[in-house]
Amino acid sequence: MPVYDYKCQKCGKVFEKFLRSLSAADSVKCEKCGSARVKKLVSCCAISSRGKSESAGSSKSSHSCGSCSSHSCSTCH
């Protein structure tokens, strides 16, 4: 079940919202001011695998910037 980033168009608060279904997106309101004027933001997604390659949580990546949860987001550079 996805977590989306939103920004309130009224007060500017950026927040995350866990949605159980796409229809729930219609009822998202700002956590700070309660406004329904929110915009879904484009965000990174974190994908991990548990195969023989680098394990999740490993710090072998030389491009890790720490600004997103995946720590190897190519859009950060």
# chains A, B, ... in the order shown; residues from 1 in each chain; ligands from 1
call {"tool": "residues_around", "arguments": {"residues": "A:Lys39", "least_positions_apart": "3", "cutoff": "7 Å", "atoms": "only C-alpha atoms", "output": "list in words"}}
result
Tyr6, Lys7, Cys8 and Gln9 of chain A
call {"tool": "atom_distance", "arguments": {"atom1": "atom CA of A:Val3", "atom2": "atom CA of A:Ser23"}}
result
13.9 Å
call {"tool": "atom_distance", "arguments": {"atom1": "atom CA of A:Arg20", "atom2": "atom CA of A:Asp5"}}
result
14.4 Å
